[in-house]
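Undergrad: Sharing entry.txt below, compact mmCIF, C-alpha atoms and all ligand atoms:
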```
# COMPACT_ATOMS: atom_id res chain seq x y z
CA MET Y 1 19.56 9.73 37.30
CA PRO Y 2 18.04 9.69 33.82
CA GLN Y 3 14.73 7.85 33.45
CA LEU Y 4 14.59 7.59 29.66
CA ALA Y 5 16.39 4.67 28.04
CA ILE Y 6 17.74 6.94 25.33
CA LYS Y 7 19.48 8.94 28.07
CA GLY Y 8 20.89 5.84 29.78
CA GLY Y 9 17.88 4.97 31.96
CA LYS Y 10 16.25 1.55 32.19
CA LYS Y 11 14.34 0.29 29.15
CA LEU Y 12 10.62 -0.16 29.71
CA ARG Y 13 10.58 -3.49 27.91
CA ASN Y 14 13.29 -6.08 27.38
CA ASN Y 15 11.59 -8.82 25.38
CA LYS Y 16 10.59 -8.76 21.73
CA PHE Y 17 7.04 -8.23 20.54
CA PRO Y 18 5.27 -11.32 19.16
CA ALA Y 19 5.52 -11.93 15.41
CA TYR Y 20 2.60 -11.33 13.09
CA ARG Y 21 2.35 -14.87 11.80
CA THR Y 22 -0.42 -15.77 9.36
CA ILE Y 23 1.18 -18.84 7.80
CA GLY Y 24 0.20 -22.11 9.46
CA ILE Y 25 -0.71 -25.72 8.93
CA GLU Y 26 -3.33 -24.86 6.27
CA GLU Y 27 -0.69 -23.25 4.07
CA GLN Y 28 1.72 -26.12 4.70
CA LYS Y 29 -0.92 -28.56 3.46
CA ALA Y 30 -1.67 -26.42 0.43
CA VAL Y 31 2.00 -26.24 -0.54
CA LYS Y 32 2.37 -29.97 -0.06
CA ARG Y 33 -0.59 -30.60 -2.37
CA VAL Y 34 1.03 -28.53 -5.12
CA VAL Y 35 4.52 -29.96 -4.70
CA LYS Y 36 3.11 -33.48 -4.72
CA SER Y 37 1.29 -32.76 -7.99
CA GLY Y 38 4.59 -31.86 -9.63
CA ILE Y 39 2.95 -28.89 -11.38
CA LEU Y 40 4.46 -25.73 -9.93
CA SER Y 41 3.16 -23.54 -12.74
CA ARG Y 42 1.06 -24.19 -15.80
CA PHE Y 43 1.28 -20.91 -17.66
CA LEU Y 44 2.10 -20.98 -21.34
CA GLY Y 45 3.06 -17.77 -23.13
CA ALA Y 46 1.04 -18.68 -26.23
CA TRP Y 47 -2.64 -18.79 -27.21
CA HIS Y 48 -3.59 -22.10 -25.61
CA ASP Y 49 -5.73 -23.38 -22.70
CA ASP Y 50 -2.73 -22.87 -20.44
CA PHE Y 51 -2.45 -19.19 -21.33
CA TYR Y 52 -4.58 -18.58 -18.22
CA GLY Y 53 -2.41 -20.64 -15.85
CA GLY Y 54 -2.87 -23.75 -13.74
CA PRO Y 55 -5.69 -24.98 -11.48
CA GLU Y 56 -4.54 -23.21 -8.31
CA VAL Y 57 -4.12 -19.86 -10.05
CA GLN Y 58 -7.53 -20.14 -11.66
CA ALA Y 59 -9.20 -21.25 -8.44
CA LEU Y 60 -7.61 -18.35 -6.55
CA GLU Y 61 -8.86 -15.92 -9.19
CA ARG Y 62 -12.43 -17.27 -8.89
CA GLU Y 63 -12.35 -17.18 -5.10
CA TRP Y 64 -10.84 -13.69 -4.96
CA ALA Y 65 -13.44 -12.34 -7.39
CA GLU Y 66 -16.24 -13.92 -5.39
CA TYR Y 67 -14.93 -12.63 -2.05
CA PHE Y 68 -14.46 -9.05 -3.24
CA LYS Y 69 -17.65 -9.13 -5.36
CA VAL Y 70 -15.88 -8.16 -8.57
CA LYS Y 71 -16.10 -9.68 -12.04
CA HIS Y 72 -12.43 -10.38 -12.70
CA ALA Y 73 -9.47 -11.14 -10.42
CA ILE Y 74 -6.10 -11.68 -12.11
CA ALA Y 75 -3.20 -13.15 -10.17
CA VAL Y 76 0.30 -11.77 -10.74
CA ASN Y 77 3.66 -12.05 -9.01
CA SER Y 78 3.54 -8.71 -7.14
CA ALA Y 79 1.48 -5.58 -6.70
CA THR Y 80 4.25 -3.77 -8.53
CA SER Y 81 3.58 -5.98 -11.58
CA ALA Y 82 -0.13 -5.38 -11.01
CA LEU Y 83 0.40 -1.61 -11.18
CA TYR Y 84 2.48 -1.89 -14.35
CA CYS Y 85 -0.23 -4.05 -15.94
CA ALA Y 86 -2.90 -1.57 -14.86
CA VAL Y 87 -1.09 1.41 -16.38
CA GLY Y 88 -0.44 -0.56 -19.58
CA ALA Y 89 -4.03 -1.75 -19.92
CA SER Y 90 -5.22 1.84 -19.40
CA GLY Y 91 -3.55 2.72 -22.70
CA VAL Y 92 -1.22 5.25 -21.10
CA GLY Y 93 1.82 6.15 -23.24
CA PRO Y 94 4.53 8.69 -24.07
CA GLY Y 95 3.40 12.28 -23.61
CA ASP Y 96 0.65 11.34 -21.14
CA GLU Y 97 0.45 12.31 -17.50
CA VAL Y 98 -0.83 10.22 -14.61
CA ILE Y 99 -1.74 11.74 -11.26
CA VAL Y 100 -0.17 9.90 -8.36
CA SER Y 101 0.39 10.23 -4.63
CA PRO Y 102 3.76 11.22 -3.16
CA TYR Y 103 3.02 9.32 0.04
CA THR Y 104 2.99 5.67 -0.91
CA MET Y 105 5.16 2.73 -1.75
CA THR Y 106 7.39 3.75 -4.66
CA ALA Y 107 5.82 1.47 -7.31
CA SER Y 108 2.46 3.26 -7.24
CA ALA Y 109 4.18 6.47 -8.34
CA VAL Y 110 6.74 5.14 -10.82
CA ALA Y 111 4.32 2.82 -12.64
CA PRO Y 112 3.54 5.46 -15.33
CA LEU Y 113 7.26 5.70 -16.15
CA ILE Y 114 7.23 2.07 -17.34
CA TYR Y 115 5.06 3.27 -20.24
CA ASN Y 116 7.06 6.46 -20.73
CA ALA Y 117 4.35 8.56 -19.17
CA ILE Y 118 4.89 11.28 -16.57
CA PRO Y 119 3.86 10.93 -12.92
CA VAL Y 120 2.34 14.16 -11.59
CA PHE Y 121 2.13 14.40 -7.82
CA ALA Y 122 -1.00 15.59 -6.04
CA ASP Y 123 -0.80 16.60 -2.38
CA ILE Y 124 -2.44 14.52 0.35
CA GLU Y 125 -5.33 15.11 2.76
CA GLU Y 126 -4.36 16.30 6.24
CA ASP Y 127 -6.88 14.02 7.87
CA TYR Y 128 -6.66 10.80 5.85
CA PHE Y 129 -3.29 10.99 3.98
CA CYS Y 130 -4.82 9.90 0.63
CA ILE Y 131 -4.52 12.17 -2.44
CA ASP Y 132 -6.51 15.35 -2.00
CA SER Y 133 -9.28 15.89 -4.54
CA LYS Y 134 -8.62 19.63 -4.89
CA SER Y 135 -4.96 19.06 -5.56
CA VAL Y 136 -5.84 16.31 -8.05
CA GLU Y 137 -8.13 18.62 -9.98
CA ARG Y 138 -5.56 21.45 -9.98
CA ASN Y 139 -3.03 19.08 -11.54
CA ILE Y 140 -5.22 17.88 -14.40
CA THR Y 141 -4.12 18.92 -17.88
CA GLU Y 142 -5.13 17.89 -21.39
CA ARG Y 143 -2.41 15.23 -21.11
CA THR Y 144 -3.84 13.52 -18.00
CA LYS Y 145 -4.94 9.96 -18.78
CA ALA Y 146 -5.32 8.27 -15.40
CA ILE Y 147 -5.26 8.68 -11.63
CA ILE Y 148 -3.59 6.21 -9.28
CA ALA Y 149 -5.27 6.64 -5.89
CA VAL Y 150 -3.81 4.75 -2.95
CA ASP Y 151 -5.85 3.47 -0.01
CA ILE Y 152 -2.97 4.49 2.17
CA PHE Y 153 -2.46 2.88 5.60
CA GLY Y 154 -5.66 0.88 5.10
CA GLN Y 155 -8.55 3.17 4.28
CA PRO Y 156 -10.17 4.00 0.95
CA TYR Y 157 -9.31 7.17 -0.96
CA ASN Y 158 -11.93 9.91 -1.30
CA VAL Y 159 -14.08 7.81 -3.61
CA GLU Y 160 -16.91 10.26 -4.17
CA LYS Y 161 -14.84 13.29 -5.11
CA ILE Y 162 -12.03 11.55 -6.98
CA ASN Y 163 -14.30 9.25 -8.98
CA GLU Y 164 -16.33 12.31 -9.93
CA ILE Y 165 -13.18 14.02 -11.21
CA ALA Y 166 -12.17 10.88 -13.12
CA LYS Y 167 -15.58 10.78 -14.74
CA LYS Y 168 -15.61 14.49 -15.56
CA TYR Y 169 -12.22 14.34 -17.33
CA ASN Y 170 -12.64 10.81 -18.69
CA LEU Y 171 -9.72 9.31 -16.78
CA ILE Y 172 -9.04 5.73 -15.81
CA MET Y 173 -9.14 5.29 -12.03
CA ILE Y 174 -6.54 2.86 -10.73
CA GLU Y 175 -6.97 2.02 -7.06
CA ASP Y 176 -3.88 0.80 -5.21
CA CYS Y 177 -5.40 -1.30 -2.46
CA ALA Y 178 -2.16 -3.02 -1.39
CA GLN Y 179 -2.57 -1.78 2.18
CA ALA Y 180 -6.34 -2.11 2.42
CA PRO Y 181 -7.68 -5.59 1.61
CA GLY Y 182 -11.08 -5.80 3.28
CA ALA Y 183 -11.47 -2.03 3.71
CA GLU Y 184 -14.81 -0.68 2.51
CA TYR Y 185 -16.48 2.44 1.29
CA ASN Y 186 -20.26 2.59 1.49
CA GLY Y 187 -20.36 -1.17 1.89
CA LYS Y 188 -18.28 -1.79 -1.24
CA PHE Y 189 -14.82 -3.34 -0.97
CA ALA Y 190 -11.69 -1.28 -1.49
CA GLY Y 191 -9.95 -2.54 -4.63
CA THR Y 192 -13.27 -2.41 -6.50
CA LEU Y 193 -13.92 1.32 -6.15
CA GLY Y 194 -12.18 2.47 -9.36
CA SER Y 195 -11.77 1.01 -12.87
CA ILE Y 196 -8.89 -1.28 -11.84
CA GLY Y 197 -7.84 -2.34 -8.34
CA ILE Y 198 -4.51 -3.79 -7.31
CA PHE Y 199 -3.69 -5.88 -4.23
CA SER Y 200 -0.36 -7.00 -2.78
CA LEU Y 201 0.49 -10.36 -1.26
CA ASN Y 202 4.02 -9.46 -0.16
CA TYR Y 203 5.07 -10.47 3.34
CA HIS Y 204 4.40 -7.09 4.95
CA LYS Y 205 0.76 -7.07 4.02
CA HIS Y 206 -2.41 -8.23 5.86
CA ILE Y 207 -2.25 -11.59 4.07
CA HIS Y 208 0.66 -12.82 2.03
CA THR Y 209 2.32 -15.45 -0.10
CA GLY Y 210 5.87 -14.16 0.32
CA GLU Y 211 5.51 -12.25 -2.94
CA GLY Y 212 2.35 -11.90 -5.02
CA GLY Y 213 -0.34 -9.58 -6.31
CA ILE Y 214 -3.90 -9.51 -7.63
CA ILE Y 215 -5.60 -7.18 -10.10
CA THR Y 216 -9.37 -6.66 -10.02
CA THR Y 217 -11.77 -5.12 -12.53
CA ASP Y 218 -15.39 -5.32 -13.63
CA ASN Y 219 -14.44 -4.37 -17.17
CA ASP Y 220 -14.07 -7.31 -19.62
CA GLU Y 221 -11.91 -5.41 -22.08
CA LEU Y 222 -9.48 -4.25 -19.39
CA ALA Y 223 -9.36 -7.79 -17.96
CA GLU Y 224 -8.35 -9.19 -21.34
CA LYS Y 225 -5.56 -6.61 -21.73
CA LEU Y 226 -4.34 -7.21 -18.20
CA LYS Y 227 -4.07 -10.95 -18.85
CA LEU Y 228 -2.21 -10.34 -22.10
CA ILE Y 229 0.30 -8.00 -20.49
CA ARG Y 230 0.82 -10.53 -17.68
CA ASN Y 231 1.80 -13.22 -20.11
CA HIS Y 232 3.81 -12.26 -23.22
CA ALA Y 233 1.06 -10.34 -25.04
CA GLU Y 234 2.98 -9.86 -28.28
CA ALA Y 235 3.37 -13.60 -28.80
CA VAL Y 236 -0.31 -14.30 -28.14
CA LEU Y 237 -2.25 -11.53 -29.89
CA GLU Y 238 -2.35 -12.84 -33.39
CA ALA Y 239 -3.47 -16.37 -32.57
CA LYS Y 240 -5.96 -15.03 -30.04
CA GLY Y 241 -7.41 -12.74 -32.68
CA TYR Y 242 -6.69 -9.53 -30.80
CA SER Y 243 -5.96 -6.56 -33.02
CA SER Y 244 -4.96 -3.55 -30.91
CA LEU Y 245 -1.20 -3.31 -30.49
CA VAL Y 246 -1.18 -0.51 -27.92
CA ASN Y 247 0.98 -1.47 -24.92
CA MET Y 248 0.94 -5.08 -26.00
CA VAL Y 249 4.58 -5.73 -25.27
CA GLY Y 250 4.09 -8.39 -22.63
CA PHE Y 251 5.94 -9.48 -19.54
CA ASN Y 252 6.18 -12.53 -17.38
CA TYR Y 253 4.21 -11.42 -14.33
CA ARG Y 254 2.78 -14.90 -13.72
CA MET Y 255 2.06 -16.29 -10.27
CA THR Y 256 3.17 -19.83 -9.47
CA GLU Y 257 0.82 -22.59 -8.31
CA ILE Y 258 2.49 -22.62 -4.88
CA GLU Y 259 1.76 -18.97 -4.19
CA ALA Y 260 -1.77 -19.33 -5.51
CA ALA Y 261 -2.41 -22.30 -3.21
CA ILE Y 262 -1.10 -20.30 -0.24
CA ALA Y 263 -3.16 -17.27 -1.23
CA ARG Y 264 -6.36 -19.35 -1.24
CA GLU Y 265 -5.76 -20.27 2.41
CA GLN Y 266 -4.73 -16.74 3.32
CA LEU Y 267 -7.92 -15.28 1.86
CA LYS Y 268 -9.99 -17.50 4.17
CA LYS Y 269 -8.14 -16.04 7.14
CA LEU Y 270 -8.56 -12.40 6.15
CA PRO Y 271 -11.81 -11.55 8.01
CA LYS Y 272 -10.55 -12.88 11.32
CA LEU Y 273 -7.16 -11.18 10.91
CA ILE Y 274 -8.86 -7.86 10.26
CA GLU Y 275 -11.17 -8.28 13.22
CA GLU Y 276 -8.26 -8.90 15.60
CA ARG Y 277 -6.30 -6.00 14.17
CA LEU Y 278 -9.23 -3.64 14.61
CA LYS Y 279 -9.66 -4.75 18.22
CA ASN Y 280 -6.02 -3.96 18.94
CA VAL Y 281 -6.26 -0.59 17.22
CA GLU Y 282 -9.37 0.27 19.19
CA TYR Y 283 -7.71 -0.65 22.48
CA LEU Y 284 -4.55 1.31 21.66
CA SER Y 285 -6.37 4.34 20.26
CA GLU Y 286 -8.50 4.66 23.36
CA LYS Y 287 -5.43 4.74 25.58
CA LEU Y 288 -3.05 6.69 23.32
CA SER Y 289 -5.64 9.40 22.64
CA LYS Y 290 -5.41 10.36 26.32
CA ILE Y 291 -1.76 11.34 25.82
CA PRO Y 292 -1.94 15.10 25.21
CA CYS Y 293 0.64 15.35 22.38
CA LEU Y 294 -0.93 12.54 20.32
CA GLU Y 295 -3.97 12.65 18.06
CA MET Y 296 -5.41 9.49 16.56
CA ALA Y 297 -5.89 9.63 12.79
CA LYS Y 298 -9.44 9.94 11.55
CA VAL Y 299 -11.52 7.41 9.67
CA ARG Y 300 -13.45 8.78 6.71
CA ARG Y 301 -17.25 8.80 6.88
CA ASN Y 302 -18.89 5.61 5.54
CA SER Y 303 -15.49 3.92 5.44
CA LYS Y 304 -14.01 0.85 7.02
CA HIS Y 305 -10.31 1.29 7.79
CA VAL Y 306 -8.21 -1.90 8.08
CA PHE Y 307 -5.02 -0.33 9.46
CA TYR Y 308 -2.02 -1.60 7.55
CA VAL Y 309 -0.18 0.67 9.95
CA HIS Y 310 -1.63 2.75 12.76
CA PRO Y 311 -1.18 6.45 11.94
CA ILE Y 312 -0.94 8.99 14.77
CA LYS Y 313 -0.44 12.74 14.58
CA PHE Y 314 2.11 14.37 16.87
CA ASN Y 315 1.75 17.85 18.33
CA GLU Y 316 5.17 19.41 18.82
CA LYS Y 317 3.84 22.48 20.65
CA ILE Y 318 2.28 20.33 23.37
CA ALA Y 319 5.23 17.96 23.65
CA GLY Y 320 7.84 20.70 23.61
CA VAL Y 321 10.26 18.65 21.46
CA HIS Y 322 10.38 17.71 17.81
CA ARG Y 323 8.61 14.51 16.78
CA ASP Y 324 11.81 12.79 15.70
CA LYS Y 325 13.41 13.22 19.10
CA PHE Y 326 10.25 11.98 20.79
CA VAL Y 327 9.91 8.92 18.54
CA GLU Y 328 13.57 7.99 18.98
CA ALA Y 329 13.05 8.07 22.74
CA VAL Y 330 9.90 5.88 22.53
CA LYS Y 331 11.74 3.38 20.34
CA ALA Y 332 14.59 3.21 22.83
CA GLU Y 333 12.11 2.00 25.47
CA LEU Y 334 10.89 -0.89 23.34
CA MET Y 335 12.10 -3.90 21.35
CA PRO Y 336 11.76 -5.21 17.78
CA ILE Y 337 9.10 -7.66 16.58
CA GLU Y 338 10.08 -11.34 16.36
CA LEU Y 339 11.06 -12.46 12.83
CA ARG Y 340 11.65 -8.82 11.88
CA GLU Y 341 14.46 -8.04 14.31
CA THR Y 342 16.62 -6.54 11.57
CA GLU Y 343 14.08 -3.74 11.06
CA GLY Y 344 14.41 -2.37 14.59
CA VAL Y 345 11.45 -1.11 16.63
CA LYS Y 346 8.54 -0.72 14.20
CA ILE Y 347 7.58 2.86 14.99
CA GLY Y 348 8.22 5.39 12.23
CA SER Y 349 8.80 9.13 12.13
CA GLY Y 350 6.55 9.73 9.14
CA TYR Y 351 6.21 7.05 6.47
CA VAL Y 352 8.31 7.29 3.28
CA LYS Y 353 10.11 10.39 2.05
CA PRO Y 354 7.71 12.20 -0.34
CA LEU Y 355 8.50 10.38 -3.55
CA TYR Y 356 9.20 13.38 -5.78
CA LEU Y 357 12.18 14.15 -3.53
CA GLN Y 358 13.92 10.95 -4.68
CA PRO Y 359 16.90 11.43 -7.05
CA LEU Y 360 14.97 9.87 -9.97
CA PHE Y 361 12.54 12.81 -9.92
CA GLN Y 362 14.95 15.47 -8.72
CA GLN Y 363 17.31 14.74 -11.60
CA LYS Y 364 14.65 13.52 -14.04
CA ILE Y 365 16.67 10.53 -15.16
CA ALA Y 366 14.72 7.31 -15.79
CA TYR Y 367 15.49 5.52 -19.08
CA GLY Y 368 18.97 6.01 -20.42
CA ALA Y 369 21.09 9.00 -19.54
CA ALA Y 370 19.21 11.55 -21.65
CA GLY Y 371 16.28 12.09 -19.28
CA CYS Y 372 13.58 10.01 -20.98
CA PRO Y 373 10.63 10.15 -20.61
CA PHE Y 374 10.78 13.63 -19.01
CA SER Y 375 12.69 15.06 -21.96
CA CYS Y 376 10.77 13.04 -24.57
CA GLU Y 377 9.61 15.25 -27.43
CA LYS Y 378 6.14 13.74 -27.24
CA TYR Y 379 5.88 15.30 -23.78
CA LYS Y 380 4.57 18.86 -24.03
CA GLY Y 381 4.09 19.53 -20.33
CA MET Y 382 6.32 21.04 -17.66
CA VAL Y 383 6.06 18.82 -14.64
CA SER Y 384 7.66 20.11 -11.45
CA TYR Y 385 9.18 17.99 -8.72
CA LYS Y 386 10.53 20.90 -6.69
CA LYS Y 387 10.58 20.74 -2.92
CA GLY Y 388 7.43 22.49 -1.73
CA ILE Y 389 5.03 21.31 -4.46
CA CYS Y 390 3.07 19.28 -1.90
CA PRO Y 391 3.32 21.19 1.39
CA VAL Y 392 0.93 18.95 3.35
CA VAL Y 393 2.86 15.78 2.66
CA GLU Y 394 6.17 17.45 3.48
CA ASP Y 395 4.89 18.71 6.83
CA MET Y 396 3.28 15.36 7.66
CA HIS Y 397 6.46 13.54 6.85
CA THR Y 398 8.93 15.84 8.54
CA ASN Y 399 7.01 16.98 11.58
CA VAL Y 400 3.65 15.43 12.28
CA LEU Y 401 2.98 11.83 11.40
CA ILE Y 402 3.91 8.74 13.41
CA THR Y 403 3.19 5.29 11.96
CA HIS Y 404 3.61 2.06 13.84
CA GLU Y 405 2.94 -1.65 13.43
CA LEU Y 406 2.59 -2.66 17.07
CA MET Y 407 -1.11 -3.45 16.72
CA ARG Y 408 -1.03 -6.52 14.49
CA PRO Y 409 -2.72 -9.76 15.55
CA GLY Y 410 -0.48 -11.69 17.95
CA MET Y 411 -0.03 -8.67 20.22
CA ARG Y 412 -1.46 -9.44 23.69
CA LYS Y 413 -2.91 -6.96 26.15
CA LYS Y 414 0.42 -6.69 27.98
CA ASP Y 415 2.22 -5.95 24.71
CA LEU Y 416 -0.24 -3.21 23.80
CA ASP Y 417 0.03 -1.76 27.30
CA ASP Y 418 3.80 -1.55 26.92
CA VAL Y 419 3.38 0.51 23.76
CA VAL Y 420 1.11 2.93 25.59
CA MET Y 421 3.42 3.08 28.59
CA ALA Y 422 6.43 3.86 26.40
CA PHE Y 423 4.67 6.93 24.98
CA GLU Y 424 3.50 7.96 28.47
CA LYS Y 425 6.95 7.53 29.95
CA VAL Y 426 8.60 9.68 27.29
CA LEU Y 427 6.08 12.48 27.71
CA ALA Y 428 6.37 12.33 31.51
CA ASN Y 429 10.15 12.72 31.21
CA VAL Y 430 10.23 14.97 28.17
CA GLU Y 431 12.41 17.51 30.01
CA GLU Y 432 15.31 15.06 29.67
CA LEU Y 433 14.99 15.31 25.89
CA LYS Y 434 15.21 19.10 25.98
CA LEU Y 435 18.66 19.02 27.61
CA GLN Y 436 21.50 19.88 25.19
C1 LIG N 1 3.35 -2.98 -0.79
C2 LIG N 1 2.79 -1.99 -1.68
C3 LIG N 1 2.91 -2.06 -3.07
C4 LIG N 1 3.77 -3.05 -3.78
O1 LIG N 1 3.58 -4.34 -3.42
P1 LIG N 1 4.52 -5.50 -3.96
O2 LIG N 1 3.62 -6.69 -3.93
O3 LIG N 1 5.64 -5.61 -3.00
O4 LIG N 1 4.99 -5.17 -5.31
C5 LIG N 1 2.27 -1.12 -3.84
N1 LIG N 1 1.56 -0.14 -3.27
C6 LIG N 1 1.43 -0.01 -1.95
C7 LIG N 1 0.61 1.10 -1.40
C8 LIG N 1 2.06 -0.92 -1.09
O5 LIG N 1 1.94 -0.78 0.21
```
I need this file expressed as structure tokens, please.
Ligand SMILES: *Cc1c(COP(=O)(O)O)cnc(C)c1O

TA:
Amino acid sequence: MPQLAIKGGKKLRNNKFPAYRTIGIEEQKAVKRVVKSGILSRFLGAWHDDFYGGPEVQALEREWAEYFKVKHAIAVNSATSALYCAVGASGVGPGDEVIVSPYTMTASAVAPLIYNAIPVFADIEEDYFCIDSKSVERNITERTKAIIAVDIFGQPYNVEKINEIAKKYNLIMIEDCAQAPGAEYNGKFAGTLGSIGIFSLNYHKHIHTGEGGIITTDNDELAEKLKLIRNHAEAVLEAKGYSSLVNMVGFNYRMTEIEAAIAREQLKKLPKLIEERLKNVEYLSEKLSKIPCLEMAKVRRNSKHVFYVHPIKFNEKIAGVHRDKFVEAVKAELMPIELRETEGVKIGSGYVKPLYLQPLFQQKIAYGAAGCPFSCEKYKGMVSYKKGICPVVEDMHTNVLITHELMRPGMRKKDLDDVVMAFEKVLANVEELKLQ
């Protein structure tokens, strides 16, 4: 009789995991306040008092800046928009290169393309999965203008080494903090560790407004550019008395008053949500680390990790089967999370396919059919997106890394125990997976 569910045995768990629900009565009240006011947005794409948006947007920006101890916070409609603004404000353009991570949400790597610049992929660290400083430095050329470092899975990038490189080569440091609101390095908040930080408020993240994003910076000049790009720069410049035209084709990346009102309530909940998440991770890590084929991911020295997902390394030699087979068997023992049933059991073999392996980079087709910006005559480099350029990320993704979301607030002790027991059960019956 097979024991493992994947082989026809009995599932370890038959009910769904509790939803991660951060939206409550406070947000309902906030939305009601805005709807009642009748003003759902107050942005005007012209040089005018309303160029900076309505009262909720401006209050959110003040509160965000105060919380994260940064001079400027700029609300936008997604972290993707935030990244595009950040690249634009950095003055990046055709012929330039920007160093990016291959192991992140797609927008943090394609953002340079929006300005016809070339993303150059650096490999990641084996221990922390952020871009590796040695690989970053190896990839710097005279065309490099910026680095986009991602605080992947919830912990800050290698601030000391990478900021030093940025300084040495005079590069703008963009920090993608979408997965790490509340993380810290040396007592300073993630999102404020580079020249520009970007946050996400999409519904997967620690706190959310459905869709939304925030940009942070201490630099007044960058803040002004970011606000222009957010809101139809080209139509505003002249009246505002702003003379540089570089990357001043604007967009509508404006946040509505409803999202801003929700975000203000969500921000108040962040510390408690992080605390609960860290408790769950601690409980799980203690138990999962006793399973011989699993190794808990490390936290960098002087860093606070806030665990967007919980990364675990898998040892195939000890388990005797490939990670993918093992993870499929663990998933078969468990159930989806409420409200996210369509996504299946939230345990991943790896994270996302290393981004340079996507067709866009493999075929070097972005704007039009002719291969711009890769084939642009302003571009004098020879970027490579060949399989093998970042061996660490490829091995992590194909063989080693497991990421899961079964540690978010709402999970009770029994739920966490089920996660542990599913891994234990699969290892105890691993021989069944070796058959055929
Ligand atoms: C979610 C995410 C983004 C994009 O966020 P949106 O708000 O959905 O545009 C960017 N970078 C990282 C690392 C993310 O996790």

Undergrad: Show which residues sit within 10 Å of Val352 in chain Y, as a list in words. Count only C-alpha atoms, and ignore same-chain residues fewer than 6 positions away.

TA: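 Near neighbours after the sequence-gap exclusion: Pro102, Tyr103, Thr104, Met105, Thr106 and His397 of chain Y.
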
Undergrad: Can you tell me how far CA of Glu328 in chain Y sits from CA of Val430 in chain Y, in Å to one decimal?

TA: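 These two atoms are separated by 12.0 Å.
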
Undergrad: Please provide as an MDAnalysis selection string all residues within 7 Å of range 373-384 of chain Y, with the sequence filter that same-chain residues fewer than 4 positions apart are discarded (counting all atoms listed in the file).

TA: chainID Y and resid 94:95 116:118 120 364 366:367

Undergrad: Find the residue from Y:Asp151, Y:Glu286, Y:Asp50, Y:Glu343 that sits nearest to Phe307 in chain Y; use only C-alpha atoms when measuring.

TA: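 Looking only at the distances to Phe307 in chain Y, the closest residue turns out to be Y:Asp151.
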
Undergrad: Would you name the residues within 9 Å of ligand LIG 1 (chain N), counting all atoms listed in the file, and put them as a VMD selection string?

TA: chain Y and resid 77 to 83 103 to 109 150 to 153 176 to 180 198 to 205 210 to 214 308

Undergrad: As an exercise, work out the distance from CA of Lys240 in chain Y to CA of Ala65 in chain Y in Å and give it to one decimal place.

TA: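 The value is 24.0 Å.
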
Undergrad: Can I get the residues of range 40-127 of chain Y within 9 Å of range 216-226 of chain Y, each with the closest pair of atoms and their distance in Å to one decimal, using only C-alpha atoms, sorted chain first then ascending number, as CSV?

TA:
```
residue,atom,partner,partner_atom,distance
Y:Trp64,CA,Y:Thr216,CA,8.8
Y:Ala65,CA,Y:Thr216,CA,7.5
Y:Phe68,CA,Y:Thr216,CA,8.8
Y:Val70,CA,Y:Asp218,CA,5.8
Y:Lys71,CA,Y:Asp218,CA,4.7
Y:His72,CA,Y:Thr217,CA,5.3
Y:Ala73,CA,Y:Thr216,CA,4.5
Y:Ile74,CA,Y:Thr216,CA,6.3
Y:Ala75,CA,Y:Thr216,CA,9.0
Y:Ala82,CA,Y:Leu226,CA,8.5
Y:Cys85,CA,Y:Leu226,CA,5.7
Y:Ala86,CA,Y:Leu226,CA,6.7
Y:Gly88,CA,Y:Leu226,CA,7.8
Y:Ala89,CA,Y:Lys225,CA,5.4
Y:Ser90,CA,Y:Leu222,CA,7.4
```

Undergrad: Just the residues within 10 Å of Val87 in chain Y, please, counting all atoms listed in the file, with nothing from its chain fewer than 4 positions along; format it as a ChimeraX atom specification.

TA: /Y:81-83,91-93,98,108,111-115,117,145-148,172-174,196,226,247
